Protein chains: 2
Amino acid sequence: MYQLILSNVAKHISLTEEEELFFLSLLKLKTIKRKEFLLKEGGVSRYQTFVAKGCLRTYTIDDMGKEHIVMFSPEDWWSGDMYSFITGKPAAYTIDALVKTDIIQISKNNLEKLYEKIPKFERFFRMLFQNAFVIYQNRITSNLSQKANERHKQFIKTYPGLEQKIAQKYIASFLGVTPEFYSAMKQK
Amino acid sequence: MYQLILSNVAKHISLTEEEELFFLSLLKLKTIKRKEFLLKEGGVSRYQTFVAKGCLRTYTIDDMGKEHIVMFSPEDWWSGDMYSFITGKPAAYTIDALVKTDIIQISKNNLEKLYEKIPKFERFFRMLFQNAFVIYQNRITSNLSQKANERHKQFIKTYPGLEQKIAQKYIASFLGVTPEFYSAMKQK
DNA sequence: CGTCTATTTGAATGTACTCAAAAGCGGTGG
DNA sequence: CCACCGCTTTTGAGTACATTCAAATAGACG
């Protein structure tokens, strides 16, 4: 469980054993059930969340009450409303679990402690933030320039294997089409 | 000209006269012609750009060669590919001028000098970055959940008065529809 | 004033949605 | 272990939103 987050961190910065232990001491493990909320729109995102197992979704609810999934966070991904976390302002998005999910969280306070003791973590979280930015950019670009079937191909590349693990109505929501249309689209 | 950027800064941080002068000494004025490029996709964004007069557009070009406008930067807005500026990596977007445009730029180097001498500017540019994030979030949400006519209403709110100043094919591109459809849509 | 580009108009087409109903699937309780 | 319930997926018909292509009209600028 901890091994996964350590190797995730190791992708960007390298830690001594001592540093690893300090890092782990600041983390909180949690298991959340299917449909349980991690964050609701309008609330404040106080944690950065790493997914060890399972899958989270980040989404908005429009005026008609329809849900629109902005991103998934399967195993080995991070989640959280970056904007809300950084600014302390209300989140634009809601986050919940699509299946029973094991997560590892670090609070904003503990993150400050971490930065103080191991400054290279600033680099790590700056990169997380930048990645979030790229994800948003890609989302905008693909929504503007691609049809649903092309977005579907991109979804498969972005989230390999995820298609098998979650209900397809969620994939439809991510692609921005109705479940009915998605079902029909798949047949080709 | 300088007054505009000073009052823009004053929205977030307050400066002494001396600080204002130092800030201004780091800036570079420029006028760019209609259709002139400020940044091309794949290049690196080395400046943050403030628009004193005129209007810039930030856009992508898809596989079919079609342009999709992600944001406008009219008078009193900032422009630049935030991601590229921060990371030094290639920009995802192209930026050019829709009309003759007066801009004020600060280079990455000068920005570092500014931070060193007047640390509160870190706060200012952090807020610019956060605003860019919000703009992206809104763009994603409205693309996912709104029809073209609703996005049009939102466009008018976001950019008051801009509709009169630029060719409507650009507005169509921003809304994600063809010029023909936009033309028809307006008639109501 | 003429040229070039932008806008409008219209017809045919494509992409995606709504609504309704049937079929499939998974978990739970008896 | 089976039957049932609730939710998801499929299917189909009818409709709405948006695109393409072509041609006519209007506007802007040198």
# chains A, B, ... in the order shown; residues from 1 in each chain; ligands from 1
$ select_by_dssp --residues "range 87-140 of chain A" --states "strand (DSSP E or B)" --output "list of chain:residue names"
A:Thr94, A:Ile95, A:Asp96, A:Ala97, A:Thr101, A:Asp102, A:Ile103, A:Ile104, A:Gln105, A:Ile106, A:Ser107
$ write_last_selection --atoms "N, CA and C atoms" --output "short mmCIF file (atom, residue, chain, number, x, y, z; two decimals), in the first residue's frame"
data_model
loop_
_atom_site.label_atom_id
_atom_site.label_comp_id
_atom_site.auth_asym_id
_atom_site.auth_seq_id
_atom_site.Cartn_x
_atom_site.Cartn_y
_atom_site.Cartn_z
N THR A 94 -17.26 18.09 -7.45
CA THR A 94 -17.59 17.08 -6.45
C THR A 94 -16.75 15.84 -6.75
N ILE A 95 -16.31 15.18 -5.69
CA ILE A 95 -15.52 13.97 -5.88
C ILE A 95 -16.14 12.83 -5.07
N ASP A 96 -16.37 11.69 -5.71
CA ASP A 96 -16.82 10.52 -4.97
C ASP A 96 -16.20 9.26 -5.56
N ALA A 97 -16.52 8.13 -4.94
CA ALA A 97 -15.90 6.87 -5.35
C ALA A 97 -16.84 6.08 -6.25
N THR A 101 -12.77 2.17 -2.61
CA THR A 101 -11.48 2.74 -2.97
C THR A 101 -10.58 2.99 -1.75
N ASP A 102 -9.34 2.55 -1.85
CA ASP A 102 -8.35 2.83 -0.80
C ASP A 102 -7.57 4.07 -1.17
N ILE A 103 -7.56 5.04 -0.26
CA ILE A 103 -6.85 6.28 -0.57
C ILE A 103 -5.83 6.61 0.52
N ILE A 104 -4.89 7.44 0.14
CA ILE A 104 -3.89 7.95 1.07
C ILE A 104 -3.92 9.46 0.97
N GLN A 105 -4.12 10.12 2.12
CA GLN A 105 -4.28 11.56 2.07
C GLN A 105 -3.20 12.30 2.84
N ILE A 106 -2.89 13.51 2.36
CA ILE A 106 -2.06 14.41 3.14
C ILE A 106 -2.80 15.73 3.28
N SER A 107 -2.86 16.24 4.49
CA SER A 107 -3.58 17.49 4.74
C SER A 107 -2.70 18.67 4.36
#
$ select_by_dssp --residues "range 30-156 of chain B" --states "helix (DSSP H, G or I)" --output "VMD selection string"
chain B and resid 82 to 87 108 to 117 120 to 145 148 to 156
$ residues_around --residues "Leu144 in chain B" --least-positions-apart "2" --cutoff "7 Å" --atoms "only C-alpha atoms (C1' of nucleotides)" --output "list in words"
His68 and Gly176 of chain A; Ile140, Thr141, Ser142 and Gln146 of chain B
$ closest_residue --among "D:DC1, D:DA26, D:DT15, D:DC7" --to "chain A" --atoms "only C-alpha atoms (C1' of nucleotides)"
D:DC7
$ interface_residues --of "chain A" --to "chain D" --cutoff "10 Å" --atoms "only C-alpha atoms (C1' of nucleotides)" --output "ChimeraX atom specification"
/A:167-169,179-180,183-184
$ write_last_selection --atoms "N, CA and C atoms" --output "PDB file, in the first residue's frame"
ATOM      1  N   ALA A 167     -18.697   1.242 -14.538  1.00  0.00           N
ATOM      2  CA  ALA A 167     -19.935   1.223 -15.321  1.00  0.00           C
ATOM      3  C   ALA A 167     -19.794   2.146 -16.522  1.00  0.00           C
ATOM      4  N   GLN A 168     -20.365   1.734 -17.638  1.00  0.00           N
ATOM      5  CA  GLN A 168     -20.110   2.520 -18.842  1.00  0.00           C
ATOM      6  C   GLN A 168     -20.888   3.827 -18.898  1.00  0.00           C
ATOM      7  N   LYS A 169     -21.875   3.957 -18.037  1.00  0.00           N
ATOM      8  CA  LYS A 169     -22.559   5.258 -17.986  1.00  0.00           C
ATOM      9  C   LYS A 169     -21.591   6.349 -17.517  1.00  0.00           C
ATOM     10  N   PRO A 179     -25.670   7.807 -22.112  1.00  0.00           N
ATOM     11  CA  PRO A 179     -25.390   6.371 -22.069  1.00  0.00           C
ATOM     12  C   PRO A 179     -25.919   5.659 -23.313  1.00  0.00           C
ATOM     13  N   GLU A 180     -27.077   6.061 -23.787  1.00  0.00           N
ATOM     14  CA  GLU A 180     -27.676   5.432 -24.968  1.00  0.00           C
ATOM     15  C   GLU A 180     -26.778   5.607 -26.192  1.00  0.00           C
ATOM     16  N   SER A 183     -23.580   3.582 -25.888  1.00  0.00           N
ATOM     17  CA  SER A 183     -23.858   2.170 -26.151  1.00  0.00           C
ATOM     18  C   SER A 183     -23.888   1.895 -27.653  1.00  0.00           C
ATOM     19  N   ALA A 184     -24.588   2.776 -28.372  1.00  0.00           N
ATOM     20  CA  ALA A 184     -24.679   2.608 -29.825  1.00  0.00           C
ATOM     21  C   ALA A 184     -23.317   2.793 -30.482  1.00  0.00           C
TER      22      ALA A 184
END
$ interface_residues --of "chain A" --to "chain B" --cutoff "10 Å" --atoms "only C-alpha atoms" --output "ChimeraX atom specification"
/A:59-64,66-70,82-84,86-87,92-93,126-127,130-134,136-146,173-177
$ write_last_selection --atoms "C-alpha atoms" --output "PDB file, in the first residue's frame"
ATOM      1  CA  TYR A  59     -17.468  15.959 -11.686  1.00  0.00           C
ATOM      2  CA  THR A  60     -19.848  18.901 -11.867  1.00  0.00           C
ATOM      3  CA  ILE A  61     -23.621  18.932 -11.728  1.00  0.00           C
ATOM      4  CA  ASP A  62     -25.315  21.301 -14.147  1.00  0.00           C
ATOM      5  CA  ASP A  63     -28.557  23.263 -13.829  1.00  0.00           C
ATOM      6  CA  MET A  64     -30.523  20.341 -15.213  1.00  0.00           C
ATOM      7  CA  LYS A  66     -26.911  16.190 -14.945  1.00  0.00           C
ATOM      8  CA  GLU A  67     -23.477  15.041 -13.889  1.00  0.00           C
ATOM      9  CA  HIS A  68     -20.440  15.707 -16.053  1.00  0.00           C
ATOM     10  CA  ILE A  69     -17.275  13.842 -15.207  1.00  0.00           C
ATOM     11  CA  VAL A  70     -14.163  15.951 -15.609  1.00  0.00           C
ATOM     12  CA  MET A  82      -6.394  21.752  -7.026  1.00  0.00           C
ATOM     13  CA  TYR A  83      -7.811  25.225  -7.185  1.00  0.00           C
ATOM     14  CA  SER A  84      -9.723  24.881  -3.947  1.00  0.00           C
ATOM     15  CA  ILE A  86      -4.403  26.025  -3.078  1.00  0.00           C
ATOM     16  CA  THR A  87      -6.684  28.990  -2.580  1.00  0.00           C
ATOM     17  CA  ALA A  92     -16.032  23.771  -8.320  1.00  0.00           C
ATOM     18  CA  TYR A  93     -16.180  20.004  -8.359  1.00  0.00           C
ATOM     19  CA  ARG A 126       4.385  21.716  -8.112  1.00  0.00           C
ATOM     20  CA  MET A 127       4.560  19.021 -10.749  1.00  0.00           C
ATOM     21  CA  GLN A 130       1.232  21.397 -13.448  1.00  0.00           C
ATOM     22  CA  ASN A 131      -0.052  17.995 -14.464  1.00  0.00           C
ATOM     23  CA  ALA A 132      -3.523  19.026 -13.412  1.00  0.00           C
ATOM     24  CA  PHE A 133      -3.123  22.032 -15.663  1.00  0.00           C
ATOM     25  CA  VAL A 134      -2.175  19.827 -18.601  1.00  0.00           C
ATOM     26  CA  TYR A 136      -7.413  20.531 -18.108  1.00  0.00           C
ATOM     27  CA  GLN A 137      -5.824  21.798 -21.289  1.00  0.00           C
ATOM     28  CA  ASN A 138      -6.244  18.421 -22.945  1.00  0.00           C
ATOM     29  CA  ARG A 139      -9.837  18.249 -21.834  1.00  0.00           C
ATOM     30  CA  ILE A 140     -10.580  21.635 -23.376  1.00  0.00           C
ATOM     31  CA  THR A 141      -8.812  20.837 -26.602  1.00  0.00           C
ATOM     32  CA  SER A 142     -10.439  17.466 -27.084  1.00  0.00           C
ATOM     33  CA  ASN A 143     -13.908  18.789 -26.280  1.00  0.00           C
ATOM     34  CA  LEU A 144     -13.483  21.540 -28.820  1.00  0.00           C
ATOM     35  CA  SER A 145     -11.953  19.618 -31.644  1.00  0.00           C
ATOM     36  CA  GLN A 146     -13.013  15.988 -31.447  1.00  0.00           C
ATOM     37  CA  SER A 173     -20.527  11.061 -18.899  1.00  0.00           C
ATOM     38  CA  PHE A 174     -16.791  11.582 -19.246  1.00  0.00           C
ATOM     39  CA  LEU A 175     -17.068  11.663 -23.023  1.00  0.00           C
ATOM     40  CA  GLY A 176     -19.952  14.092 -22.799  1.00  0.00           C
ATOM     41  CA  VAL A 177     -22.608  11.872 -24.388  1.00  0.00           C
TER      42      VAL A 177
END
$ closest_atom_pairs --of "chain C" --to "chain B" --cutoff "8 Å" --atoms "only C-alpha atoms (C1' of nucleotides)" --output "JSON lines"
{"residue": "C:DA6", "atom": "C1'", "partner": "B:Ala167", "partner_atom": "CA", "distance": 7.7}
{"residue": "C:DT7", "atom": "C1'", "partner": "B:Ser183", "partner_atom": "CA", "distance": 7.4}
{"residue": "C:DT8", "atom": "C1'", "partner": "B:Ser183", "partner_atom": "CA", "distance": 7.1}
$ write_last_selection --atoms "C-alpha atoms (C1' of nucleotides)" --output "tab-separated table (two decimals), in the first residue's frame"
chain	number	residue	atom	x	y	z
C	6	DA	C1'	-16.81	38.13	-43.67
C	7	DT	C1'	-21.63	37.24	-43.21
C	8	DT	C1'	-26.00	35.47	-44.50
